[in-house]
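Text of target18.tsv (TSV, C-alpha atoms) as supplied:
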chain	number	residue	atom	x	y	z
A	13	MET	CA	10.58	36.13	-14.26
A	14	ALA	CA	10.06	33.09	-16.46
A	15	LEU	CA	10.73	29.61	-15.11
A	16	PRO	CA	13.71	27.72	-16.54
A	17	SER	CA	12.66	25.01	-19.01
A	18	HIS	CA	13.58	22.11	-16.68
A	19	LEU	CA	11.28	23.53	-13.99
A	20	LYS	CA	8.46	23.99	-16.52
A	21	THR	CA	8.95	20.39	-17.62
A	22	GLY	CA	8.89	19.15	-14.02
A	23	LEU	CA	5.79	21.20	-13.19
A	24	ARG	CA	3.95	19.89	-16.24
A	25	GLY	CA	4.92	16.33	-15.32
A	26	GLU	CA	3.55	16.82	-11.80
A	27	GLN	CA	0.28	18.21	-13.21
A	28	LEU	CA	-0.10	15.21	-15.50
A	29	ALA	CA	0.77	12.79	-12.69
A	30	ALA	CA	-1.85	14.36	-10.39
A	31	ARG	CA	-4.47	14.10	-13.15
A	32	TYR	CA	-3.51	10.46	-13.73
A	33	LEU	CA	-3.89	9.69	-10.01
A	34	ARG	CA	-7.30	11.40	-9.81
A	35	GLU	CA	-8.47	9.51	-12.90
A	36	HIS	CA	-7.45	6.27	-11.16
A	37	GLY	CA	-9.43	6.99	-8.00
A	38	TYR	CA	-6.81	8.64	-5.82
A	39	GLU	CA	-7.53	11.68	-3.68
A	40	ILE	CA	-4.77	14.29	-3.80
A	41	MET	CA	-4.00	15.27	-0.20
A	42	ALA	CA	-1.04	17.60	-0.88
A	43	ALA	CA	1.27	18.70	-3.67
A	44	ASN	CA	4.83	19.95	-3.35
A	45	TYR	CA	4.82	19.33	0.40
A	46	SER	CA	8.04	20.86	1.75
A	47	THR	CA	9.79	20.73	5.08
A	48	LYS	CA	13.41	21.25	6.09
A	49	LEU	CA	13.77	17.52	5.39
A	50	GLY	CA	12.87	17.83	1.71
A	51	GLU	CA	9.94	17.94	-0.67
A	52	THR	CA	7.34	15.38	-1.70
A	53	ASP	CA	5.81	15.97	-5.11
A	54	ILE	CA	2.38	14.44	-4.44
A	55	ILE	CA	0.71	12.90	-1.41
A	56	ALA	CA	-2.39	10.95	-2.35
A	57	LYS	CA	-4.84	8.53	-0.78
A	58	SER	CA	-5.68	5.40	-2.75
A	59	LYS	CA	-9.16	3.89	-2.96
A	60	ASN	CA	-8.32	1.52	-0.09
A	61	GLY	CA	-7.04	4.33	2.15
A	62	THR	CA	-3.31	3.83	1.68
A	63	VAL	CA	-1.41	7.11	1.89
A	64	CYS	CA	0.95	7.26	-1.09
A	65	PHE	CA	4.00	9.48	-1.19
A	66	VAL	CA	4.69	9.99	-4.87
A	67	GLU	CA	7.92	11.13	-6.49
A	68	VAL	CA	7.34	12.36	-10.03
A	69	LYS	CA	10.18	12.16	-12.54
A	70	THR	CA	9.65	13.79	-15.91
A	71	ARG	CA	11.90	13.35	-18.92
A	72	SER	CA	11.89	13.83	-22.67
A	73	PRO	CA	11.71	10.79	-24.93
A	74	GLY	CA	14.92	9.00	-25.84
A	75	GLN	CA	16.81	9.45	-22.59
A	76	MET	CA	19.44	6.83	-21.83
A	77	PHE	CA	18.10	6.03	-18.35
A	78	SER	CA	14.57	5.64	-17.05
A	79	PRO	CA	13.26	8.52	-14.95
A	80	ALA	CA	12.91	6.24	-11.89
A	81	GLU	CA	16.67	5.63	-11.93
A	82	ALA	CA	17.09	9.24	-10.78
A	83	VAL	CA	15.64	8.28	-7.37
A	84	ASP	CA	18.71	7.18	-5.44
A	85	HIS	CA	19.03	5.96	-1.86
A	86	GLU	CA	19.61	9.49	-0.55
A	87	LYS	CA	16.40	10.72	-2.22
A	88	GLU	CA	14.51	7.72	-0.81
A	89	LYS	CA	15.76	8.58	2.67
A	90	ARG	CA	14.65	12.22	2.36
A	91	LEU	CA	11.23	11.15	1.07
A	92	LYS	CA	10.76	8.71	3.96
A	93	ASN	CA	11.77	11.34	6.53
A	94	ASN	CA	9.44	13.90	4.95
A	95	ALA	CA	6.61	11.35	4.95
A	96	THR	CA	7.11	10.68	8.66
A	97	ALA	CA	6.93	14.42	9.34
A	98	TYR	CA	3.74	14.75	7.28
A	99	LEU	CA	2.01	11.87	9.05
A	100	ARG	CA	3.00	13.12	12.52
A	101	ARG	CA	1.92	16.72	11.86
A	102	ARG	CA	-1.49	15.54	10.70
A	103	ASN	CA	-1.81	12.75	13.24
A	104	ILE	CA	-2.41	10.21	10.48
A	105	SER	CA	-1.96	6.52	11.13
A	106	ALA	CA	-2.63	4.67	7.92
A	107	GLU	CA	-0.89	2.20	5.68
A	108	THR	CA	1.69	4.02	3.56
A	109	ARG	CA	3.75	3.37	0.49
A	110	PHE	CA	6.19	5.15	-1.77
A	111	ASP	CA	5.46	5.35	-5.49
A	112	ILE	CA	7.27	6.79	-8.47
A	113	ILE	CA	5.45	8.16	-11.47
A	114	GLU	CA	7.55	8.40	-14.60
A	115	VAL	CA	6.32	10.94	-17.13
A	116	ILE	CA	7.80	10.87	-20.62
A	117	LEU	CA	6.72	14.23	-21.96
A	118	HIS	CA	6.36	14.36	-25.75
A	119	ASP	CA	4.86	17.86	-25.70
A	120	LEU	CA	2.70	19.87	-23.30
A	121	PHE	CA	-0.33	17.71	-24.01
A	122	THR	CA	1.04	14.26	-24.81
A	123	ALA	CA	2.87	12.04	-22.36
A	124	ASP	CA	3.45	8.42	-21.47
A	125	ILE	CA	2.89	7.73	-17.77
A	126	ASN	CA	4.28	4.77	-15.85
A	127	HIS	CA	3.08	4.40	-12.24
A	128	ILE	CA	5.45	2.29	-10.16
A	129	THR	CA	3.62	1.38	-6.96
A	130	ASP	CA	5.53	0.46	-3.81
A	131	ALA	CA	8.76	1.50	-5.55
A	132	PHE	CA	10.88	1.39	-2.38

Structure rendered as structure tokens:
Amino acid sequence: MALPSHLKTGLRGEQLAARYLREHGYEIMAANYSTKLGETDIIAKSKNGTVCFVEVKTRSPGQMFSPAEAVDHEKEKRLKNNATAYLRRRNISAETRFDIIEVILHDLFTADINHITDAF
């Protein structure tokens, strides 16, 4: 069964975001980490050891609102709860932050990426 186009777009955005993070010195610790509390797109460790919980939002060019505007307070709450679960399960005590990566996908190979660190 083929994936719906919005899921293909989201998956491609997550792939590009993970590549961007690796190219900028991050270590990918997990992708699509799910619990009953929700899902985190990417969990990465920065060069200085900060554990970053990254929400990836992918859109086509010309949208009225920025991709980051899709992350509302309810989504922030779910991400924070999921992050707490991840850290506890792995017994990790490190500095953490929540980032958003906006991916404006022009085609499968061309995208503009905006990394918003410490977004909330």

Q: Identify, on the basis of all atoms listed in the file, every residue whose closest approach to stretch 97-113 of chain A does not exceed 6 Å; exclude the query and any residue fewer than 4 positions from it along the same chain; express the result as a list in words.
A: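 Residues near the query, excluding close chain neighbours: Thr62, Val63, Cys64, Phe65, Val66, Glu67, Val68, Asn126, His127, Ile128, Thr129, Asp130 and Ala131 of chain A.
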
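Counting all atoms listed in the file, the residue from A:Ile55, A:Leu33, A:Val83, A:Ile40 that sits nearest to A:Thr70 is A:Val83.
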
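When only C-alpha atoms are used to compute distances to A:Lys20, the closest of the residues A:Lys92, A:Lys87, A:Arg71, A:Arg34 turns out to be A:Arg71.
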
Q: Between atom CA of A:Gln27 and atom CA of A:Ile125, measure the distance and give it in Å to one decimal.
A: 11.7 Å

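Among A:Glu39, A:Asp119, A:Asp124, A:Glu114, the residue with the shortest atom-to-atom distance to A:Ala80, counting all atoms listed in the file, is A:Glu114.
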
Q. Distance atom CA of A:Gly22-atom CA of A:Pro79, one decimal place?
A. 11.5 Å

Q) By how many Å are atom CA of A:Leu91 and atom CA of A:Glu51 apart? A)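 Between atom CA of A:Leu91 and atom CA of A:Glu51 the gap works out to 7.1 Å.
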
(Q) From the options A:Ser72, A:Leu49, A:Asn44, A:Ile54, which residue's atoms come nearest to A:Ala29, counting all atoms listed in the file? (A)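 Among A:Ser72, A:Leu49, A:Asn44, A:Ile54, it is A:Ile54 that comes nearest to A:Ala29.
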